[in-house]
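These notes concern the structure reproduced below.
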Amino acid sequence: MLDYLVVGLGLAGTVFCEALEEQGKTFHVVSDDSQQASLVAGGLYNPVILKRFTMAWKADEQMKIAIPFYKKLEKKLNAQLDHTLPVLRRFASVQEQNLWFEAADKPGLERFLSPRILENDNPKIDAPFGFGQVLCTGWIDTETLIRTYASYLYSKGTLTERHFDFSGLKVADDFVSYKELNARQVVFATGYGLRRNPFFKYLPLNGTKGELLKIKCLGLNEKSIIKSSVFIIPLGQDLYRVGATYKWKDKTHLPTEAAKAELLHKVRTFLKADFEVVDHVAGIRPTVADRRPLVGRHPMHQRVYALNGFGSRGVLIGPYAANQLLGFIEKGTPLDTEMDIARFAKKYYTD
């Protein structure tokens with residue numbers, strides 16, 4: 001009898017499995033590669049919403065958990081995951097500069113917003129009004145994280161790479177069984193795939209398609225993450241990630257020429273250098289109407305749980321949400337009410 005059956009090994013499944021390992025719990029993962037959002041994510045961690053110069057939801061609390069979490073995983077997996085880099089918010093006007101100064105004085109934000117305006121010293125970037133620097137930022141290499149963690153689990157015999165067949169799942173009062181596996185709990189961490197889950201299809205998981213480009217720009221020599229109408233993340237060796245788009249109607253994983261044209265148009269408004277596109281990827285972010293994760297116990301089945309809905313800030317939210325769910329299951333610690341799926345219980349009984 002295992003402690004947990006985990007379905008899905010994107011970012012949510014990975015951080016939950018590591019939380020289980022830290023507490024000495026036994027588990028087995030069943031996953032396929034049908035959901036690509038974590039593999040194609042920008043991986044940016046930044047506690048500030050740079051469109052409005054406000055703190056993201058519980059970002060300070062999440063930062064305190066997430067950064068040590070990834071540092072510890074780096075040592076465990078012998079892989080570089082955390083790339084600590086400043087985020088420079090490009091100003092489009094004097095008015096934006098003034099709004100930055102106002103935000104930098106607000107309680108909570110002063111730790112993360114530098115009060116100085118940085119002048120642009122890169123001739124290949126057009127930024128006549130300079131930049132505001134966000135502190136305590138960087139990006140997590142989610143593709144390396146997920147692939148190396150999958151290899152780690154596979155070597156231990158705790159990962160089955162196949163499509164999850166719901167007809168093979170039996171939920172009893174005191175355990176669940178899936179084919180040859182028996183476990184005390186099952187946790188679904190399947191990203192946008194939750195829409196096809198018969199237990200949780202009542203949840204309002206919308207899904208937002210995001211597309212990213214990888215470009216090669218010789219001589220740009222930019223060491224900071226630049227955020228304007230799109231972001232540019234330095235990857236090394238003259239490579240940069242450019243993104244991202246947000247589309248609500250298209251739910252395919254296929255890159256589109258329209259999104260590519262949109263990203264190219266936006267990046268060329270401030271990147272004054274020749275470059276070539278070397279890759280173009282797409283994925284469906286698991287987003288929710290109220291912009292909060294979907295975490296918690298099924299309304300009827302006491303052994304069935306969801307860990308989902310991280311949206312575009314998954315690398316920060318993930319470790320926080322995983323710890324919350326594990327504490328709830330093992331110790332009865334109440335979940336953060338803003339992300340507890342109990343907030344949608346009425347939908348389950350009325351749909």
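Chain labels follow the order of the structure tokens: the first chain is A, the next B, and so on; residue numbering restarts at 1 in every chain, and ligands are counted from 1 in their shown order.
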
Pull the strand (DSSP E) assignments for range 205-323 of chain A out of DSSP run on the backbone, and list those residues as a ChimeraX atom specification. /A:208-216,225-227,231-236,239-243,276-285,294-297,304-308

So which residues touch Gln302 in chain A within 9 Å, counting only C-alpha atoms, skipping near sequence neighbours fewer than 3 positions away, as a PyMOL selection string? chain A and resi 173-174+185+297-299+305

Now that the selection is made, can you save its residues with N, CA, C and O atoms as a PDB file, in the first residue's frame?
ATOM      1  N   ASP A 173     -13.548   3.635   0.249  1.00  0.00           N
ATOM      2  CA  ASP A 173     -13.604   4.542   1.400  1.00  0.00           C
ATOM      3  C   ASP A 173     -12.236   4.765   2.026  1.00  0.00           C
ATOM      4  O   ASP A 173     -11.940   5.861   2.515  1.00  0.00           O
ATOM      5  N   ASP A 174     -11.384   3.729   2.043  1.00  0.00           N
ATOM      6  CA  ASP A 174     -10.123   3.842   2.772  1.00  0.00           C
ATOM      7  C   ASP A 174      -8.877   3.720   1.898  1.00  0.00           C
ATOM      8  O   ASP A 174      -7.760   3.753   2.402  1.00  0.00           O
ATOM      9  N   GLN A 185      -4.118   7.730  -1.085  1.00  0.00           N
ATOM     10  CA  GLN A 185      -4.668   8.947  -1.680  1.00  0.00           C
ATOM     11  C   GLN A 185      -4.269   8.995  -3.151  1.00  0.00           C
ATOM     12  O   GLN A 185      -3.237   8.446  -3.544  1.00  0.00           O
ATOM     13  N   ARG A 297      -9.488  18.819  -1.698  1.00  0.00           N
ATOM     14  CA  ARG A 297     -10.147  17.511  -1.698  1.00  0.00           C
ATOM     15  C   ARG A 297     -11.451  17.558  -2.489  1.00  0.00           C
ATOM     16  O   ARG A 297     -12.182  18.552  -2.477  1.00  0.00           O
ATOM     17  N   HIS A 298     -11.727  16.467  -3.175  1.00  0.00           N
ATOM     18  CA  HIS A 298     -12.994  16.335  -3.901  1.00  0.00           C
ATOM     19  C   HIS A 298     -14.167  16.435  -2.922  1.00  0.00           C
ATOM     20  O   HIS A 298     -14.079  15.952  -1.782  1.00  0.00           O
ATOM     21  N   PRO A 299     -15.287  17.057  -3.326  1.00  0.00           N
ATOM     22  CA  PRO A 299     -16.425  17.232  -2.407  1.00  0.00           C
ATOM     23  C   PRO A 299     -17.023  15.930  -1.879  1.00  0.00           C
ATOM     24  O   PRO A 299     -17.561  15.902  -0.767  1.00  0.00           O
ATOM     25  N   TYR A 305      -7.759  14.170  -4.685  1.00  0.00           N
ATOM     26  CA  TYR A 305      -7.327  15.557  -4.516  1.00  0.00           C
ATOM     27  C   TYR A 305      -6.881  16.162  -5.852  1.00  0.00           C
ATOM     28  O   TYR A 305      -6.472  15.443  -6.781  1.00  0.00           O
TER      29      TYR A 305
END

Taking only C-alpha atoms into account, which of A:Phe175, A:Trp57, A:Tyr70, A:Tyr4 comes nearest Thr144 in chain A? A:Tyr70

For the structure I just gave you, how does DSSP split range 130-201 of chain A - specifically, which residues are helix (DSSP H, G or I)? Reply as an MDAnalysis selection string. chainID A and resid 142:156 166:168 191:196

Could you please determine the separation between CA of Ala19 in chain A and CA of Gly138 in chain A in Å, to one decimal place?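 A separation of 22.4 Å between them.
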
Can you list, as a list of chain:residue names, every protein, DNA or RNA residue that comes within 7 Å of Val94 in chain A when you count only C-alpha atoms, leaving out same-chain residues fewer than 3 positions away?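 Everything that qualifies: A:Gln97, A:Asn98, A:Phe129.
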